[in-house]
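Peer 1: What follows is work09.csv, made up of CSV, C-alpha atoms:
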chain,number,residue,atom,x,y,z
N,68,MET,CA,-37.8,2.0,-45.0
N,69,SER,CA,-37.4,4.5,-42.1
N,70,ARG,CA,-39.3,4.3,-38.8
N,71,ILE,CA,-41.3,7.4,-39.7
N,72,SER,CA,-42.5,6.0,-43.0
N,73,VAL,CA,-43.3,2.6,-41.4
N,74,ARG,CA,-45.4,4.2,-38.7
N,75,GLY,CA,-47.2,6.3,-41.2
N,76,PHE,CA,-47.8,3.2,-43.3
N,77,ALA,CA,-49.2,1.3,-40.3
N,78,VAL,CA,-51.6,4.1,-39.6
N,79,ALA,CA,-52.7,4.2,-43.2
N,80,SER,CA,-53.2,0.5,-43.2
N,81,ALA,CA,-55.3,0.6,-40.0
N,82,THR,CA,-57.3,3.4,-41.6
N,83,ALA,CA,-57.8,1.2,-44.7
N,84,VAL,CA,-59.0,-1.6,-42.6
N,85,THR,CA,-61.5,0.6,-40.8
N,86,ALA,CA,-62.7,1.9,-44.1
N,87,VAL,CA,-63.2,-1.6,-45.5
N,88,GLY,CA,-65.2,-2.6,-42.5
N,89,SER,CA,-67.5,0.4,-42.9
N,90,VAL,CA,-68.2,-0.4,-46.6
N,91,VAL,CA,-69.0,-4.0,-45.8
N,92,GLY,CA,-71.4,-2.9,-43.1
N,93,VAL,CA,-73.3,-0.6,-45.5
N,94,ALA,CA,-73.6,-3.2,-48.2
N,95,SER,CA,-74.8,-6.0,-46.0
N,96,GLY,CA,-77.4,-4.2,-43.8
N,97,SER,CA,-77.8,-4.5,-40.1
N,98,THR,CA,-76.6,-8.1,-40.0
N,99,ALA,CA,-73.3,-7.0,-41.7
N,100,GLN,CA,-73.0,-4.1,-39.4
N,101,ASN,CA,-73.3,-6.5,-36.4
N,102,ASN,CA,-70.7,-8.8,-38.1
N,103,ASP,CA,-68.5,-5.7,-38.7
N,104,ALA,CA,-68.7,-4.8,-35.0
N,105,GLU,CA,-67.8,-8.3,-34.0
N,106,ALA,CA,-64.9,-8.3,-36.4
N,107,THR,CA,-63.7,-4.9,-35.0
N,108,ALA,CA,-63.9,-6.3,-31.5
N,109,SER,CA,-62.0,-9.5,-32.3
N,110,GLY,CA,-59.5,-8.2,-34.8
N,111,THR,CA,-59.2,-11.6,-36.5
N,112,THR,CA,-62.3,-11.5,-38.6
N,113,LEU,CA,-61.6,-7.9,-39.7
N,114,LEU,CA,-58.1,-8.9,-40.9
N,115,ALA,CA,-59.6,-11.8,-42.8
N,116,ASP,CA,-62.1,-9.5,-44.5
N,117,ILE,CA,-59.6,-7.1,-46.0
N,118,PRO,CA,-57.7,-7.9,-49.3
N,119,ALA,CA,-54.6,-10.1,-49.0
N,120,GLY,CA,-52.2,-7.2,-50.0
N,121,GLN,CA,-53.4,-5.0,-47.2
N,122,GLN,CA,-53.2,-7.9,-44.8
N,123,ALA,CA,-49.5,-8.2,-45.7
N,124,GLN,CA,-49.1,-4.4,-45.1
N,125,VAL,CA,-50.7,-4.6,-41.6
N,126,GLN,CA,-48.6,-7.6,-40.7
N,127,THR,CA,-45.5,-5.9,-41.8
N,128,ALA,CA,-46.3,-2.8,-39.7
N,129,SER,CA,-46.9,-5.1,-36.7
N,130,LEU,CA,-43.5,-6.8,-37.2
N,131,THR,CA,-41.8,-3.5,-37.6
N,132,GLN,CA,-43.3,-2.3,-34.3
N,133,GLN,CA,-42.1,-5.5,-32.6
N,134,ALA,CA,-38.6,-4.9,-34.0
N,135,GLU,CA,-38.6,-1.4,-32.7
N,136,THR,CA,-39.6,-2.6,-29.2
N,137,MET,CA,-36.8,-5.2,-29.3
N,138,ALA,CA,-34.3,-2.6,-30.5
N,139,ILE,CA,-35.2,-0.2,-27.6
N,140,ALA,CA,-34.9,-3.1,-25.1
N,141,ALA,CA,-31.5,-4.0,-26.6
N,142,ASP,CA,-30.3,-0.4,-26.4
N,143,ALA,CA,-31.3,-0.3,-22.7
N,144,SER,CA,-29.5,-3.6,-22.0
N,145,ALA,CA,-26.4,-2.3,-23.9
N,146,LYS,CA,-26.4,0.9,-21.9
N,147,LYS,CA,-26.7,-1.0,-18.6
N,148,ASP,CA,-23.8,-3.3,-19.6
N,149,ALA,CA,-21.7,-0.2,-20.6
N,150,GLU,CA,-22.4,1.5,-17.2
N,151,GLU,CA,-21.5,-1.7,-15.3
N,152,ALA,CA,-18.3,-2.1,-17.3
N,153,ALA,CA,-17.4,1.6,-16.6
N,154,ARG,CA,-18.0,1.1,-12.9
N,155,LYS,CA,-15.8,-2.0,-12.9
N,156,ALA,CA,-13.1,-0.2,-14.8
N,157,ALA,CA,-13.2,2.7,-12.4
N,158,ALA,CA,-12.9,0.3,-9.4
N,159,GLU,CA,-10.0,-1.5,-10.9
N,160,THR,CA,-8.3,1.8,-11.7
N,161,ALA,CA,-8.8,3.0,-8.1
N,162,VAL,CA,-7.3,-0.3,-6.7
N,163,ALA,CA,-4.3,0.0,-9.1
N,164,LYS,CA,-3.7,3.6,-8.0
N,165,LYS,CA,-3.9,2.7,-4.4
N,166,LYS,CA,-1.5,-0.1,-4.8
N,167,GLU,CA,0.9,2.2,-6.7
N,168,ALA,CA,0.7,4.8,-4.0
N,169,ALA,CA,1.4,2.2,-1.3
N,170,GLU,CA,4.4,0.9,-3.3
N,171,LYS,CA,5.7,4.4,-3.8
N,172,ALA,CA,5.4,5.2,-0.1
N,173,GLU,CA,7.2,2.0,0.8
N,174,ARG,CA,10.1,2.8,-1.6
N,175,GLU,CA,10.3,6.4,-0.3
N,176,ALA,CA,10.5,5.0,3.3
N,177,GLU,CA,13.2,2.6,2.4
N,178,GLU,CA,15.1,5.4,0.6
N,179,ARG,CA,14.8,7.6,3.7
N,180,ALA,CA,16.0,4.8,5.9
N,181,GLU,CA,19.0,4.1,3.7
N,182,ALA,CA,19.8,7.9,3.5
N,183,LYS,CA,19.6,8.1,7.3
N,184,ALA,CA,21.9,5.1,7.7
N,185,ALA,CA,24.4,6.5,5.2
N,186,ALA,CA,24.4,9.8,7.0
N,187,SER,CA,25.0,8.1,10.3
N,188,ARG,CA,27.8,6.0,8.8
N,189,SER,CA,29.4,9.1,7.3
N,190,ALA,CA,29.1,11.0,10.5
N,191,THR,CA,31.1,8.4,12.5
N,192,ARG,CA,34.8,7.8,12.5
N,193,ASP,CA,36.7,4.5,12.6
N,194,ALA,CA,38.6,3.8,15.8
N,195,SER,CA,41.8,3.6,13.9
N,196,SER,CA,41.5,7.2,12.7
N,197,PHE,CA,42.3,8.6,16.2
N,198,PRO,CA,45.9,9.3,17.1
N,199,VAL,CA,47.3,7.1,19.8
N,200,GLN,CA,48.2,8.9,23.1
N,201,ALA,CA,49.8,7.8,26.3
N,202,SER,CA,46.7,8.6,28.2
N,203,TYR,CA,43.2,10.1,27.7
N,204,THR,CA,41.0,12.3,29.8
N,205,VAL,CA,37.3,11.5,30.3
N,206,ALA,CA,36.4,14.4,28.0
N,207,GLN,CA,38.6,13.0,25.2
N,208,VAL,CA,37.2,9.5,25.6
N,209,GLN,CA,33.6,10.9,25.4
N,210,SER,CA,34.6,12.9,22.3
N,211,MET,CA,35.8,9.8,20.7
N,212,ALA,CA,32.6,8.0,21.5
N,213,ARG,CA,30.5,10.8,20.0
N,214,GLN,CA,32.4,10.4,16.8
N,215,ILE,CA,32.2,6.6,16.7
N,216,VAL,CA,28.7,5.9,18.0
N,217,PRO,CA,25.7,7.1,15.8
N,218,ALA,CA,24.2,10.2,17.2
N,219,ASP,CA,20.8,8.7,17.9
N,220,GLN,CA,22.5,5.9,19.9
N,221,PHE,CA,25.1,7.9,21.8
N,222,GLN,CA,23.0,8.6,24.9
N,223,CYS,CA,22.1,5.0,25.5
N,224,PHE,CA,25.8,4.0,24.9
N,225,SER,CA,26.8,6.7,27.4
N,226,ASN,CA,24.3,5.5,30.0
N,227,ILE,CA,25.8,2.0,30.0
N,228,VAL,CA,29.5,3.2,30.0
N,229,GLN,CA,28.8,5.6,32.8
N,230,ARG,CA,27.4,2.8,35.0
N,231,GLU,CA,29.9,0.2,34.0
N,232,SER,CA,33.2,2.2,34.2
N,233,SER,CA,32.4,5.9,34.8
N,234,TRP,CA,34.2,6.4,31.4
N,235,ASN,CA,37.5,5.0,32.8
N,236,TYR,CA,39.1,3.1,29.9
N,237,ARG,CA,41.5,1.4,32.4
N,238,ALA,CA,38.7,0.2,34.7
N,239,ASP,CA,39.6,-3.3,36.0
N,240,ASN,CA,37.0,-5.2,38.0
N,241,PRO,CA,38.8,-6.8,41.0
N,242,THR,CA,36.3,-9.6,41.3
N,243,SER,CA,36.3,-10.7,37.7
N,244,ASP,CA,38.2,-10.3,34.5
N,245,ALA,CA,35.9,-7.5,33.2
N,246,TYR,CA,37.9,-4.6,31.8
N,247,GLY,CA,37.6,-1.2,30.2
N,248,LEU,CA,34.9,1.3,29.3
N,249,VAL,CA,32.2,-1.3,28.6
N,250,GLN,CA,33.6,-3.9,31.1
N,251,ALA,CA,34.1,-6.7,28.5
N,252,LEU,CA,34.3,-10.1,30.2
N,253,PRO,CA,37.0,-11.1,29.9
N,254,GLY,CA,38.7,-7.9,28.7
N,255,SER,CA,40.7,-9.9,26.1
N,256,LYS,CA,37.5,-10.3,24.0
N,257,MET,CA,38.2,-6.7,22.8
N,258,ALA,CA,41.3,-8.0,21.0
N,259,SER,CA,39.0,-8.7,18.1
N,260,ALA,CA,38.7,-4.9,17.6
N,261,GLY,CA,42.4,-4.2,18.0
N,262,ALA,CA,45.5,-5.4,19.7
N,263,ASP,CA,45.7,-2.2,21.7
N,264,TRP,CA,42.4,-2.9,23.4
N,265,ALA,CA,43.9,-2.4,26.9
N,266,THR,CA,45.2,1.1,26.4
N,267,ASN,CA,43.2,2.6,23.5
N,268,PRO,CA,39.6,3.8,24.4
N,269,ALA,CA,38.7,4.1,20.7
N,270,THR,CA,39.3,0.3,20.3
N,271,GLN,CA,37.2,-0.3,23.3
N,272,ILE,CA,34.4,1.9,22.0
N,273,LYS,CA,34.5,0.1,18.7
N,274,TRP,CA,34.2,-3.3,20.3
N,275,GLY,CA,31.5,-2.2,22.7
N,276,LEU,CA,29.4,-0.7,19.9
N,277,GLY,CA,29.7,-3.9,17.9
N,278,TYR,CA,28.8,-6.1,20.9
N,279,MET,CA,25.7,-4.0,21.6
N,280,ASN,CA,24.6,-4.1,18.0
N,281,ASP,CA,25.2,-7.8,17.6
N,282,ARG,CA,23.5,-8.9,20.9
N,283,TYR,CA,20.8,-6.3,21.4
N,284,GLY,CA,20.3,-4.7,18.0
N,285,SER,CA,21.7,-1.3,19.1
N,286,PRO,CA,23.1,0.5,22.2
N,287,CYS,CA,19.5,1.6,23.1
N,288,GLY,CA,18.4,-2.1,22.9
N,289,ALA,CA,21.3,-2.9,25.3
N,290,TRP,CA,20.3,0.0,27.6
N,291,THR,CA,16.7,-1.3,27.8
N,292,PHE,CA,18.1,-4.7,28.8
N,293,TRP,CA,20.5,-3.1,31.3
N,294,GLN,CA,17.7,-1.2,33.1
N,295,ALA,CA,15.8,-4.4,33.6
N,296,ASN,CA,18.8,-6.5,34.7
N,297,HIS,CA,21.6,-4.2,35.7
N,298,TRP,CA,24.0,-6.0,33.4
N,299,TYR,CA,24.1,-6.6,29.7
Reformat the file's structure so that it appears as structure tokens.
Peer 2:
Amino acid sequence: MSRISVRGFAVASATAVTAVGSVVGVASGSTAQNNDAEATASGTTLLADIPAGQQAQVQTASLTQQAETMAIAADASAKKDAEEAARKAAAETAVAKKKEAAEKAEREAEERAEAKAAASRSATRDASSFPVQASYTVAQVQSMARQIVPADQFQCFSNIVQRESSWNYRADNPTSDAYGLVQALPGSKMASAGADWATNPATQIKWGLGYMNDRYGSPCGAWTFWQANHWY
């Protein structure tokens, strides 16, 4: 039975109940009318006065109305739950996208750093790639350093060399065993970079760069320390 037919039936049943009450009032006189009024006011007596079949109809209509009310309430609850679930899903999606974006940015930063490091490595030359000469000018030594030391570290490297030896690869400290461009102490330490450490500025540059990287992280790290202590 559809909701429209049930409501119509309920209205018809109520009309029948009212009609039955009116008939009873006319047949019984004023006393019956009073009883009919009381029955209408209370509802219980009126329902008892109508035939059993119509009572069932009225009760059915009442139960149907209760079912409709419960269905409306259930629909509202389901809608609220669906909205809450949608909000939760949207929040989770937003968090996932934010995490994905952060991971992507981190990967891109790492890729850029690797590319920069690779470019720096490819832009430098190994000390052994320079032809050996009997002697070297300051300009030649500086040119070697520019080709061995990463471009972003060259100025710091140059600052230290300028103060330690004035770019003299044969600089020999008379008061100690410090020797060469970077004044390795003792000079023989530079043998780890090549046996020609005493006469080849490229070998000295290679050793000095490795020393600064190992001890201070970079030539600029070494330069920062040097400025504070005047040695490194």
Peer 1: One decimal, Å: what's the distance from CA of Ala238 in chain N over to CA of Asp219 in chain N, could you say?
Peer 2: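 Atom-to-atom, CA of Ala238 in chain N and CA of Asp219 in chain N are spaced 26.0 Å apart.
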Peer 1: Pick out the closest residue to Ile227 in chain N from this set: N:Val199, N:Val249, N:Ala194, N:Ile139. Count only C-alpha atoms.
Peer 2: N:Val249
Peer 1: Taking only residues of range 252-284 of chain N that have an atom at most 12 Å from an atom of range 228-234 of chain N, what is each one's shortest atom pair and its distance in Å to one decimal, using only C-alpha atoms, in chain and number order, as a tab-separated table?
Peer 2:
residue	atom	partner	partner_atom	distance
N:Leu252	CA	N:Glu231	CA	11.8
N:Pro268	CA	N:Trp234	CA	9.2
N:Ala269	CA	N:Trp234	CA	11.8
N:Gln271	CA	N:Val228	CA	10.8
N:Ile272	CA	N:Val228	CA	9.5
N:Gly275	CA	N:Val228	CA	9.3
N:Leu276	CA	N:Val228	CA	10.8
N:Met279	CA	N:Val228	CA	11.7
Peer 1: Could you tell me how far CA of Arg213 in chain N sits from CA of Pro286 in chain N, in Å to one decimal place?
Peer 2: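 Those two atoms sit 12.9 Å apart.
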Peer 1: Hey, what's within 7 Å of range 288-292 of chain N if we count only C-alpha atoms and toss same-chain stuff fewer than 4 positions away? As an MDAnalysis selection string, please?
Peer 2: chainID N and resid 223 227 279 283:284 296 299
Peer 1: Convert the current residue selection to file output with C-alpha atoms, as a tab-separated table (two decimals), in the coordinates of the input.
Peer 2:
chain	number	residue	atom	x	y	z
N	223	CYS	CA	22.10	5.00	25.50
N	227	ILE	CA	25.80	2.00	30.00
N	279	MET	CA	25.70	-4.00	21.60
N	283	TYR	CA	20.80	-6.30	21.40
N	284	GLY	CA	20.30	-4.70	18.00
N	296	ASN	CA	18.80	-6.50	34.70
N	299	TYR	CA	24.10	-6.60	29.70
Peer 1: Which distance in Å separates CA of Trp298 in chain N and CA of Arg192 in chain N, to one decimal?
Peer 2: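 Interatomic distance here is 27.3 Å.
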Peer 1: Excluding Thr204 in chain N and residues on its chain fewer than 6 positions from it, collect all residues at most 10 Å away from it, counting only C-alpha atoms, and give them as a PyMOL selection string.
Peer 2: chain N and resi 210+234-236
Peer 1: Taking all atoms listed in the file into account, which of N:Ala138, N:Ala123, N:Ala258, N:Ala157 comes nearest Tyr246 in chain N?
Peer 2: N:Ala258
